[in-house]
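Here is coords13.pdb, consisting of PDB, C-alpha atoms:
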```pdb
ATOM      1  CA  MET U   1     -27.521 -65.291 142.919
ATOM      2  CA  VAL U   2     -30.539 -63.252 141.964
ATOM      3  CA  VAL U   3     -29.782 -60.579 139.412
ATOM      4  CA  ASN U   4     -31.831 -57.483 140.076
ATOM      5  CA  LEU U   5     -33.318 -56.053 136.911
ATOM      6  CA  TRP U   6     -32.786 -52.456 138.065
ATOM      7  CA  ASN U   7     -29.062 -53.117 138.441
ATOM      8  CA  LEU U   8     -28.879 -54.235 134.833
ATOM      9  CA  VAL U   9     -30.796 -51.149 133.697
ATOM     10  CA  PHE U  10     -28.461 -48.892 135.670
ATOM     11  CA  LEU U  11     -25.374 -50.687 134.364
ATOM     12  CA  PHE U  12     -26.546 -50.439 130.761
ATOM     13  CA  PHE U  13     -27.267 -46.728 130.876
ATOM     14  CA  ALA U  14     -24.182 -45.936 132.953
ATOM     15  CA  LEU U  15     -21.998 -47.670 130.372
ATOM     16  CA  LEU U  16     -23.688 -45.714 127.587
ATOM     17  CA  VAL U  17     -23.130 -42.449 129.483
ATOM     18  CA  LEU U  18     -19.449 -43.244 129.972
ATOM     19  CA  LEU U  19     -19.013 -44.359 126.365
ATOM     20  CA  SER U  20     -20.476 -41.149 124.985
ATOM     21  CA  ALA U  21     -18.381 -39.120 127.453
ATOM     22  CA  VAL U  22     -15.251 -40.830 126.128
ATOM     23  CA  GLY U  23     -16.477 -39.959 122.652
ATOM     24  CA  VAL U  24     -16.656 -36.249 123.525
ATOM     25  CA  VAL U  25     -13.012 -36.284 124.598
ATOM     26  CA  ALA U  26     -11.578 -38.648 122.012
ATOM     27  CA  ILE U  27     -13.275 -37.765 118.719
ATOM     28  CA  ARG U  28     -11.253 -35.312 116.651
ATOM     29  CA  HIS U  29     -13.941 -33.635 114.620
ATOM     30  CA  PRO U  30     -15.805 -30.968 116.685
ATOM     31  CA  VAL U  31     -19.192 -31.746 115.122
ATOM     32  CA  TYR U  32     -19.000 -35.442 116.040
ATOM     33  CA  SER U  33     -17.749 -34.485 119.478
ATOM     34  CA  ALA U  34     -20.788 -32.241 119.956
ATOM     35  CA  LEU U  35     -23.094 -35.015 118.728
ATOM     36  CA  SER U  36     -21.515 -37.356 121.258
ATOM     37  CA  LEU U  37     -22.241 -34.833 124.013
ATOM     38  CA  LEU U  38     -25.818 -34.675 122.723
ATOM     39  CA  ALA U  39     -26.082 -38.455 123.120
ATOM     40  CA  ASN U  40     -24.611 -38.168 126.619
ATOM     41  CA  LEU U  41     -27.201 -35.597 127.691
ATOM     42  CA  CYS U  42     -30.108 -37.599 126.254
ATOM     43  CA  ILE U  43     -28.988 -40.820 127.954
ATOM     44  CA  THR U  44     -28.594 -38.940 131.224
ATOM     45  CA  ALA U  45     -32.167 -37.733 130.790
ATOM     46  CA  VAL U  46     -33.271 -41.354 130.383
ATOM     47  CA  LEU U  47     -31.407 -42.181 133.595
ATOM     48  CA  TYR U  48     -33.267 -39.401 135.406
ATOM     49  CA  LEU U  49     -36.607 -40.491 133.985
ATOM     50  CA  VAL U  50     -36.378 -44.234 134.468
ATOM     51  CA  LEU U  51     -34.241 -44.713 137.562
ATOM     52  CA  MET U  52     -34.479 -41.529 139.595
ATOM     53  CA  GLY U  53     -38.142 -40.680 139.175
ATOM     54  CA  ALA U  54     -37.617 -37.118 137.971
ATOM     55  CA  PRO U  55     -39.732 -36.689 134.834
ATOM     56  CA  PHE U  56     -39.665 -32.894 134.957
ATOM     57  CA  ILE U  57     -35.875 -32.636 135.139
ATOM     58  CA  ALA U  58     -35.585 -35.244 132.377
ATOM     59  CA  MET U  59     -37.833 -33.186 130.117
ATOM     60  CA  ILE U  60     -35.995 -29.970 130.931
ATOM     61  CA  GLN U  61     -32.709 -31.731 130.237
ATOM     62  CA  VAL U  62     -33.863 -32.757 126.777
ATOM     63  CA  ILE U  63     -35.528 -29.446 125.927
ATOM     64  CA  VAL U  64     -32.995 -26.997 127.352
ATOM     65  CA  TYR U  65     -29.700 -28.879 127.199
ATOM     66  CA  ALA U  66     -30.121 -31.170 124.222
ATOM     67  CA  GLY U  67     -32.502 -28.843 122.442
ATOM     68  CA  ALA U  68     -31.364 -25.290 122.975
ATOM     69  CA  ILE U  69     -27.752 -25.364 124.129
ATOM     70  CA  MET U  70     -26.510 -28.127 121.841
ATOM     71  CA  VAL U  71     -28.224 -26.623 118.803
ATOM     72  CA  PHE U  72     -26.454 -23.402 119.719
ATOM     73  CA  PHE U  73     -23.102 -25.192 119.851
ATOM     74  CA  LEU U  74     -23.661 -26.953 116.541
ATOM     75  CA  PHE U  75     -24.775 -23.691 114.982
ATOM     76  CA  VAL U  76     -21.559 -21.936 116.012
ATOM     77  CA  ILE U  77     -19.371 -24.887 114.930
ATOM     78  CA  MET U  78     -21.006 -24.990 111.524
ATOM     79  CA  LEU U  79     -20.890 -21.195 111.249
ATOM     80  CA  MET U  80     -17.108 -21.302 111.621
ATOM     81  CA  ASN U  81     -16.962 -24.057 108.987
ATOM     82  CA  LEU U  82     -13.549 -25.352 110.044
ATOM     83  CA  ARG U  83     -11.518 -27.070 107.364
ATOM     84  CA  LYS U  84      -9.545 -30.212 107.984
ATOM     85  CA  GLY U  85      -6.288 -28.497 108.828
ATOM     86  CA  GLU U  86      -7.907 -26.083 111.255
ATOM     87  CA  TYR U  87      -9.372 -28.425 113.827
ATOM     88  CA  GLU U  88      -6.667 -31.050 113.867
ATOM     89  CA  GLU U  89      -4.486 -30.957 116.930
ATOM     90  CA  ARG U  90      -1.534 -32.869 118.194
ATOM     91  CA  ILE U  91      -2.089 -34.772 121.427
ATOM     92  CA  VAL U  92       1.267 -34.416 123.168
ATOM     93  CA  LEU U  93       2.200 -37.451 125.220
ATOM     94  CA  TRP U  94       3.389 -35.621 128.327
ATOM     95  CA  ARG U  95       0.239 -33.521 128.368
ATOM     96  CA  LEU U  96      -1.859 -36.681 128.195
ATOM     97  CA  LEU U  97       0.149 -38.285 131.004
ATOM     98  CA  LEU U  98      -0.127 -35.185 133.197
ATOM     99  CA  GLY U  99      -3.872 -35.006 132.602
ATOM    100  CA  VAL U 100      -4.429 -38.656 133.441
ATOM    101  CA  GLY U 101      -2.244 -38.289 136.557
ATOM    102  CA  ALA U 102      -4.152 -35.261 137.828
ATOM    103  CA  ALA U 103      -7.473 -36.992 137.151
ATOM    104  CA  ALA U 104      -6.278 -40.112 138.984
ATOM    105  CA  VAL U 105      -5.261 -38.102 142.068
ATOM    106  CA  PHE U 106      -8.635 -36.362 142.114
ATOM    107  CA  ALA U 107     -10.518 -39.651 141.675
ATOM    108  CA  PHE U 108      -8.527 -41.222 144.506
ATOM    109  CA  GLN U 109      -9.426 -38.377 146.872
ATOM    110  CA  VAL U 110     -13.109 -38.474 145.954
ATOM    111  CA  PHE U 111     -13.383 -42.234 146.308
ATOM    112  CA  ILE U 112     -11.767 -42.122 149.737
ATOM    113  CA  LEU U 113     -14.491 -39.655 150.754
ATOM    114  CA  ALA U 114     -17.318 -41.458 149.000
ATOM    115  CA  GLY U 115     -16.413 -44.911 150.295
ATOM    116  CA  GLU U 116     -18.474 -44.139 153.409
ATOM    117  CA  TRP U 117     -21.577 -43.257 151.435
ATOM    118  CA  ARG U 118     -23.806 -46.298 151.607
ATOM    119  CA  GLY U 119     -27.129 -44.634 150.932
ATOM    120  CA  PHE U 120     -29.742 -46.579 149.022
ATOM    121  CA  LEU U 121     -31.570 -45.152 146.054
ATOM    122  CA  PRO U 122     -35.022 -46.598 145.513
ATOM    123  CA  PRO U 123     -35.154 -47.258 141.752
ATOM    124  CA  GLY U 124     -38.313 -46.603 139.842
ATOM    125  CA  ALA U 125     -40.207 -43.865 138.091
ATOM    126  CA  HIS U 126     -42.209 -42.536 141.024
ATOM    127  CA  GLY U 127     -40.615 -39.417 142.431
ATOM    128  CA  PHE U 128     -40.993 -35.679 142.332
ATOM    129  CA  GLY U 129     -42.679 -33.888 139.478
ATOM    130  CA  ALA U 130     -43.123 -30.326 138.332
ATOM    131  CA  LYS U 131     -45.589 -29.564 141.128
ATOM    132  CA  ASP U 132     -43.151 -30.284 143.955
ATOM    133  CA  LEU U 133     -40.353 -28.412 142.228
ATOM    134  CA  SER U 134     -42.373 -25.322 141.484
ATOM    135  CA  HIS U 135     -43.693 -25.282 145.039
ATOM    136  CA  LEU U 136     -40.121 -24.990 146.279
ATOM    137  CA  ILE U 137     -38.887 -22.637 143.559
ATOM    138  CA  PHE U 138     -41.619 -20.084 144.072
ATOM    139  CA  THR U 139     -41.390 -20.027 147.854
ATOM    140  CA  ARG U 140     -37.961 -20.678 149.305
ATOM    141  CA  TYR U 141     -35.806 -20.108 146.238
ATOM    142  CA  ILE U 142     -37.732 -17.182 144.791
ATOM    143  CA  LEU U 143     -34.776 -14.788 145.131
ATOM    144  CA  ALA U 144     -32.375 -17.189 143.396
ATOM    145  CA  PHE U 145     -34.962 -17.776 140.676
ATOM    146  CA  GLU U 146     -35.332 -14.066 139.963
ATOM    147  CA  LEU U 147     -31.564 -13.580 140.046
ATOM    148  CA  VAL U 148     -31.108 -16.381 137.508
ATOM    149  CA  SER U 149     -33.591 -14.718 135.175
ATOM    150  CA  VAL U 150     -31.657 -11.442 135.478
ATOM    151  CA  LEU U 151     -28.426 -13.387 134.848
ATOM    152  CA  ILE U 152     -29.751 -14.892 131.634
ATOM    153  CA  PHE U 153     -30.945 -11.493 130.444
ATOM    154  CA  VAL U 154     -27.539  -9.938 131.125
ATOM    155  CA  ALA U 155     -25.819 -12.910 129.443
ATOM    156  CA  ALA U 156     -27.898 -12.431 126.302
ATOM    157  CA  LEU U 157     -26.984  -8.727 126.229
ATOM    158  CA  GLY U 158     -23.330  -9.562 126.816
ATOM    159  CA  ALA U 159     -23.296 -12.163 124.065
ATOM    160  CA  VAL U 160     -24.643  -9.657 121.562
ATOM    161  CA  ALA U 161     -22.149  -7.022 122.715
ATOM    162  CA  LEU U 162     -19.223  -9.457 122.482
ATOM    163  CA  ALA U 163     -20.025 -11.041 119.151
ATOM    164  CA  LYS U 164     -20.829  -7.789 117.369
ATOM    165  CA  LYS U 165     -18.151  -6.750 114.890
ATOM    166  CA  LYS U 166     -18.245  -3.059 115.598
ATOM    167  CA  LEU U 167     -19.886  -1.596 118.664
TER     168      LEU U 167
ATOM    169  CA  MET T 168     -28.552 -55.248 147.064
ATOM    170  CA  GLY T 169     -29.715 -52.456 144.778
ATOM    171  CA  VAL T 170     -27.922 -49.631 143.124
ATOM    172  CA  GLY T 171     -26.802 -47.297 145.882
ATOM    173  CA  LEU T 172     -25.416 -43.845 146.231
ATOM    174  CA  PHE T 173     -21.882 -45.139 145.793
ATOM    175  CA  GLN T 174     -22.520 -46.426 142.280
ATOM    176  CA  TYR T 175     -24.029 -43.108 141.252
ATOM    177  CA  THR T 176     -21.072 -41.290 142.802
ATOM    178  CA  VAL T 177     -18.682 -43.416 140.748
ATOM    179  CA  LEU T 178     -20.628 -42.658 137.572
ATOM    180  CA  SER T 179     -20.775 -38.943 138.335
ATOM    181  CA  VAL T 180     -17.093 -38.668 139.221
ATOM    182  CA  LEU T 181     -16.070 -40.578 136.103
ATOM    183  CA  VAL T 182     -18.109 -38.291 133.860
ATOM    184  CA  PHE T 183     -16.686 -35.250 135.656
ATOM    185  CA  LEU T 184     -13.144 -36.592 135.302
ATOM    186  CA  LEU T 185     -13.558 -37.330 131.613
ATOM    187  CA  GLY T 186     -14.657 -33.724 131.159
ATOM    188  CA  ALA T 187     -11.687 -32.439 133.166
ATOM    189  CA  LEU T 188      -9.324 -34.689 131.216
ATOM    190  CA  GLY T 189     -10.685 -33.366 127.936
ATOM    191  CA  LEU T 190     -10.254 -29.828 129.222
ATOM    192  CA  MET T 191      -6.606 -30.583 129.969
ATOM    193  CA  ILE T 192      -5.549 -32.488 126.856
ATOM    194  CA  ARG T 193      -7.599 -30.967 124.047
ATOM    195  CA  ARG T 194      -6.422 -27.754 122.384
ATOM    196  CA  ASN T 195      -9.566 -26.872 120.474
ATOM    197  CA  VAL T 196     -11.576 -24.143 122.222
ATOM    198  CA  ILE T 197     -14.936 -25.532 121.117
ATOM    199  CA  VAL T 198     -14.160 -29.057 122.299
ATOM    200  CA  MET T 199     -12.851 -27.657 125.600
ATOM    201  CA  PHE T 200     -16.174 -25.904 126.009
ATOM    202  CA  LEU T 201     -18.040 -29.139 125.309
ATOM    203  CA  CYS T 202     -15.930 -30.821 127.995
ATOM    204  CA  LEU T 203     -16.975 -28.078 130.406
ATOM    205  CA  GLU T 204     -20.607 -28.980 129.736
ATOM    206  CA  LEU T 205     -19.698 -32.616 130.353
ATOM    207  CA  MET T 206     -18.316 -31.691 133.787
ATOM    208  CA  LEU T 207     -21.531 -29.816 134.613
ATOM    209  CA  ASN T 208     -23.519 -32.878 133.581
ATOM    210  CA  GLY T 209     -21.482 -35.063 135.910
ATOM    211  CA  VAL T 210     -22.203 -32.744 138.825
ATOM    212  CA  ASN T 211     -25.899 -32.805 137.906
ATOM    213  CA  ILE T 212     -25.943 -36.606 138.119
ATOM    214  CA  LEU T 213     -24.567 -36.443 141.665
ATOM    215  CA  PHE T 214     -27.109 -33.811 142.709
ATOM    216  CA  MET T 215     -29.955 -35.905 141.336
ATOM    217  CA  ALA T 216     -28.685 -39.031 143.079
ATOM    218  CA  LEU T 217     -28.408 -37.197 146.400
ATOM    219  CA  ALA T 218     -31.908 -35.784 146.019
ATOM    220  CA  ARG T 219     -33.248 -39.265 145.323
ATOM    221  CA  CYS T 220     -31.337 -40.800 148.206
ATOM    222  CA  ARG T 221     -32.521 -38.234 150.762
ATOM    223  CA  GLY T 222     -36.032 -38.105 149.374
ATOM    224  CA  SER T 223     -36.009 -34.327 149.011
ATOM    225  CA  VAL T 224     -36.664 -32.069 146.032
ATOM    226  CA  GLU T 225     -33.904 -29.571 146.737
ATOM    227  CA  GLY T 226     -31.279 -31.373 144.686
ATOM    228  CA  GLN T 227     -33.549 -31.171 141.650
ATOM    229  CA  VAL T 228     -34.034 -27.435 142.233
ATOM    230  CA  ILE T 229     -30.261 -26.985 142.248
ATOM    231  CA  VAL T 230     -30.017 -28.995 139.022
ATOM    232  CA  LEU T 231     -32.510 -26.591 137.450
ATOM    233  CA  PHE T 232     -30.371 -23.648 138.522
ATOM    234  CA  VAL T 233     -27.229 -25.323 137.170
ATOM    235  CA  MET T 234     -28.949 -25.767 133.814
ATOM    236  CA  ALA T 235     -29.994 -22.100 133.720
ATOM    237  CA  VAL T 236     -26.485 -20.907 134.570
ATOM    238  CA  ALA T 237     -25.079 -23.329 131.960
ATOM    239  CA  ALA T 238     -27.318 -21.738 129.345
ATOM    240  CA  ALA T 239     -26.056 -18.263 130.248
ATOM    241  CA  GLU T 240     -22.482 -19.515 130.260
ATOM    242  CA  ALA T 241     -22.922 -21.142 126.857
ATOM    243  CA  ALA T 242     -24.207 -17.884 125.381
ATOM    244  CA  ILE T 243     -21.281 -15.836 126.714
ATOM    245  CA  GLY T 244     -18.737 -18.542 125.908
ATOM    246  CA  MET T 245     -19.860 -18.956 122.326
ATOM    247  CA  ALA T 246     -19.746 -15.169 121.824
ATOM    248  CA  ILE T 247     -16.190 -15.135 123.177
ATOM    249  CA  ILE T 248     -15.218 -18.058 120.918
ATOM    250  CA  THR T 249     -16.693 -16.330 117.879
ATOM    251  CA  THR T 250     -14.732 -13.157 118.653
ATOM    252  CA  PHE T 251     -11.610 -15.216 119.307
ATOM    253  CA  TYR T 252     -11.969 -17.008 115.984
ATOM    254  CA  ARG T 253     -12.471 -13.730 114.159
ATOM    255  CA  ASN T 254      -9.501 -11.968 115.764
ATOM    256  CA  ARG T 255      -7.022 -14.832 115.874
ATOM    257  CA  GLY T 256      -8.004 -16.783 112.787
ATOM    258  CA  GLY T 257      -8.415 -20.169 114.436
ATOM    259  CA  VAL T 258      -9.837 -22.099 117.351
ATOM    260  CA  GLY T 259      -6.651 -23.434 118.967
ATOM    261  CA  VAL T 260      -6.051 -22.101 122.469
ATOM    262  CA  ASP T 261      -2.341 -21.814 121.645
ATOM    263  CA  ARG T 262      -3.252 -18.800 119.564
ATOM    264  CA  ALA T 263      -4.237 -16.908 122.723
ATOM    265  CA  ASP T 264      -0.708 -15.773 123.499
ATOM    266  CA  LEU T 265      -1.161 -12.022 123.908
ATOM    267  CA  MET T 266      -0.338 -12.107 127.636
ATOM    268  CA  LYS T 267       2.307 -14.804 127.331
ATOM    269  CA  TRP T 268       5.685 -13.682 128.516
TER     270      TRP T 268
END
```
Just give me the structure as structure tokens.
Amino acid sequence: MVVNLWNLVFLFFALLVLLSAVGVVAIRHPVYSALSLLANLCITAVLYLVLMGAPFIAMIQVIVYAGAIMVFFLFVIMLMNLRKGEYEERIVLWRLLLGVGAAAVFAFQVFILAGEWRGFLPPGAHGFGAKDLSHLIFTRYILAFELVSVLIFVAALGAVALAKKKL
Amino acid sequence: MGVGLFQYTVLSVLVFLLGALGLMIRRNVIVMFLCLELMLNGVNILFMALARCRGSVEGQVIVLFVMAVAAAEAAIGMAIITTFYRNRGGVGVDRADLMKW
């Protein structure tokens, strides 16, 4: 049996993604949980870059997600400066069982649907870059693009209005 | 036999489910928010895989939009969490019991 090298690469990074995702859920301390999510996002960016041929999205993932959003999270967590008693929580057994049950039902439904999907993904780094994306964004999706910029502006205003002590 | 769409779907659904599971079993507002980001990341993986499989750019455009909306959502969410922490003196969601009967 010939082992395809791309399969091994995919398996390695997929396992790392899943491991860091488990870390986000399972680690008690919020800072370590956030760092685990940071690892997850960076490894996903590697997956995009190496296997899916999307260098632009990989860069945006690292800069926007791992750079801006996660720094924001860590900043807020460290601003609150939670002591040991404040972030500890009891994991109730029935809540855990209910969560796992609901997740299992959802996974079952999705895998019944996705069992028919036999599409092939050509692995490799040659795909679409910033030029192709911007061509589409500034022609067909120009309205959505402008609306997203308005949304971010309004969100920044709303964040200031919410977090202010006295308005 | 290469890596197909099915393998990427499994990866994406598992990441999404881990996020949903964390949202259900954790009681810390900040960690619940992190799990929300994890769910968004799982959806992004599926969009990217579909774009690659169909050979079109549109999935990547949607991923860009998801990232932008996630940034806006993170800003609003963190402001809400800061206000919540200030008013309720903690980050456990069990403290949000004003409308509990």
Select residues of chain T: the criterion is any atom within 6 Å of an atom of chain U, counting only C-alpha atoms; output as a list in words. Val170, Gly171, Leu172, Phe173, Leu184, Leu188, Gly189, Met191, Ile192, Cys220, Ala239, Ala242, Ile243, Ala246 and Thr250 of chain T
Set the distance at 6 Å and use only C-alpha atoms: which residues neighbour Ser179 of chain T once local chain neighbours fewer than 6 positions away are removed? I'd like the list as an MDAnalysis selection string. chainID T and resid 209 212:213
May I ask which of the residues U:Ala66, U:Phe13, U:Lys84, U:Lys131 is the closest one to Ile43 of chain U, counting all atoms listed in the file? U:Phe13
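Here atom CA of Glu204 of chain T stands at a distance of 20.2 Å from atom CA of Tyr252 of chain T.
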Atom CA of Arg140 of chain U sits from atom CA of Val46 of chain U at a separation of 28.4 Å
For atom CA of Cys42 of chain U and atom CA of Asn208 of chain T, determine how far apart the two atoms are, in Å to one decimal place. 10.9 Å
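Excluding Asp261 of chain T itself and any same-chain residue fewer than 2 positions from it, the protein and nucleic acid residues within 9 Å of it, counting only C-alpha atoms, are Arg194, Asn195, Val258, Gly259, Ala263 and Asp264 of chain T.
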Reconstruct N, CA and C atoms of segment 123-156 of chain U; output as a compact mmCIF listing (two decimals), in the frame of the given file.
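Contents of rebuild-v5.txt, as written:
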```txt
# COMPACT_ATOMS: atom_id res chain seq x y z
N PRO U 123 -34.97 -47.42 143.19
CA PRO U 123 -35.15 -47.26 141.75
C PRO U 123 -36.63 -47.25 141.39
N GLY U 124 -36.93 -46.63 140.28
CA GLY U 124 -38.31 -46.60 139.84
C GLY U 124 -38.70 -45.21 139.39
N ALA U 125 -39.83 -45.11 138.74
CA ALA U 125 -40.21 -43.86 138.09
C ALA U 125 -41.07 -42.97 138.97
N HIS U 126 -41.33 -43.37 140.20
CA HIS U 126 -42.21 -42.54 141.02
C HIS U 126 -41.37 -41.64 141.92
N GLY U 127 -41.42 -40.35 141.65
CA GLY U 127 -40.62 -39.42 142.43
C GLY U 127 -41.27 -38.06 142.47
N PHE U 128 -40.48 -37.04 142.27
CA PHE U 128 -40.99 -35.68 142.33
C PHE U 128 -41.24 -35.13 140.94
N GLY U 129 -42.34 -34.45 140.77
CA GLY U 129 -42.68 -33.89 139.48
C GLY U 129 -42.59 -32.38 139.50
N ALA U 130 -43.20 -31.78 138.48
CA ALA U 130 -43.12 -30.33 138.33
C ALA U 130 -43.80 -29.60 139.49
N LYS U 131 -44.84 -30.24 140.06
CA LYS U 131 -45.59 -29.56 141.13
C LYS U 131 -44.72 -29.35 142.36
N ASP U 132 -44.00 -30.41 142.77
CA ASP U 132 -43.15 -30.28 143.96
C ASP U 132 -42.03 -29.28 143.73
N LEU U 133 -41.45 -29.33 142.52
CA LEU U 133 -40.35 -28.41 142.23
C LEU U 133 -40.80 -26.97 142.24
N SER U 134 -41.93 -26.71 141.57
CA SER U 134 -42.37 -25.32 141.48
C SER U 134 -42.80 -24.81 142.85
N HIS U 135 -43.34 -25.70 143.68
CA HIS U 135 -43.69 -25.28 145.04
C HIS U 135 -42.47 -24.75 145.78
N LEU U 136 -41.34 -25.43 145.59
CA LEU U 136 -40.12 -24.99 146.28
C LEU U 136 -39.50 -23.77 145.61
N ILE U 137 -39.53 -23.74 144.28
CA ILE U 137 -38.89 -22.64 143.56
C ILE U 137 -39.58 -21.31 143.86
N PHE U 138 -40.91 -21.35 143.92
CA PHE U 138 -41.62 -20.08 144.07
C PHE U 138 -41.86 -19.70 145.52
N THR U 139 -41.31 -20.49 146.46
CA THR U 139 -41.39 -20.03 147.85
C THR U 139 -39.99 -19.78 148.42
N ARG U 140 -39.24 -20.85 148.60
CA ARG U 140 -37.96 -20.68 149.30
C ARG U 140 -36.88 -20.11 148.41
N TYR U 141 -36.89 -20.52 147.12
CA TYR U 141 -35.81 -20.11 146.24
C TYR U 141 -36.24 -19.01 145.29
N ILE U 142 -37.20 -18.19 145.71
CA ILE U 142 -37.73 -17.18 144.79
C ILE U 142 -36.67 -16.15 144.44
N LEU U 143 -35.82 -15.79 145.40
CA LEU U 143 -34.78 -14.79 145.13
C LEU U 143 -33.76 -15.33 144.12
N ALA U 144 -33.33 -16.59 144.33
CA ALA U 144 -32.38 -17.19 143.40
C ALA U 144 -32.99 -17.31 142.01
N PHE U 145 -34.28 -17.64 141.96
CA PHE U 145 -34.96 -17.78 140.68
C PHE U 145 -34.96 -16.46 139.91
N GLU U 146 -35.31 -15.37 140.62
CA GLU U 146 -35.33 -14.07 139.96
C GLU U 146 -33.93 -13.65 139.54
N LEU U 147 -32.94 -13.94 140.39
CA LEU U 147 -31.56 -13.58 140.05
C LEU U 147 -31.09 -14.33 138.82
N VAL U 148 -31.51 -15.61 138.69
CA VAL U 148 -31.11 -16.38 137.51
C VAL U 148 -31.73 -15.79 136.25
N SER U 149 -32.97 -15.32 136.36
CA SER U 149 -33.59 -14.72 135.18
C SER U 149 -32.86 -13.44 134.78
N VAL U 150 -32.44 -12.64 135.79
CA VAL U 150 -31.66 -11.44 135.48
C VAL U 150 -30.33 -11.84 134.85
N LEU U 151 -29.72 -12.91 135.37
CA LEU U 151 -28.43 -13.39 134.85
C LEU U 151 -28.53 -13.77 133.39
N ILE U 152 -29.61 -14.47 133.03
CA ILE U 152 -29.75 -14.89 131.63
C ILE U 152 -29.97 -13.69 130.73
N PHE U 153 -30.72 -12.71 131.23
CA PHE U 153 -30.94 -11.49 130.44
C PHE U 153 -29.62 -10.78 130.19
N VAL U 154 -28.83 -10.61 131.26
CA VAL U 154 -27.54 -9.94 131.12
C VAL U 154 -26.61 -10.72 130.21
N ALA U 155 -26.68 -12.08 130.29
CA ALA U 155 -25.82 -12.91 129.44
C ALA U 155 -26.19 -12.74 127.97
N ALA U 156 -27.49 -12.64 127.69
CA ALA U 156 -27.90 -12.43 126.30
C ALA U 156 -27.39 -11.09 125.79
```
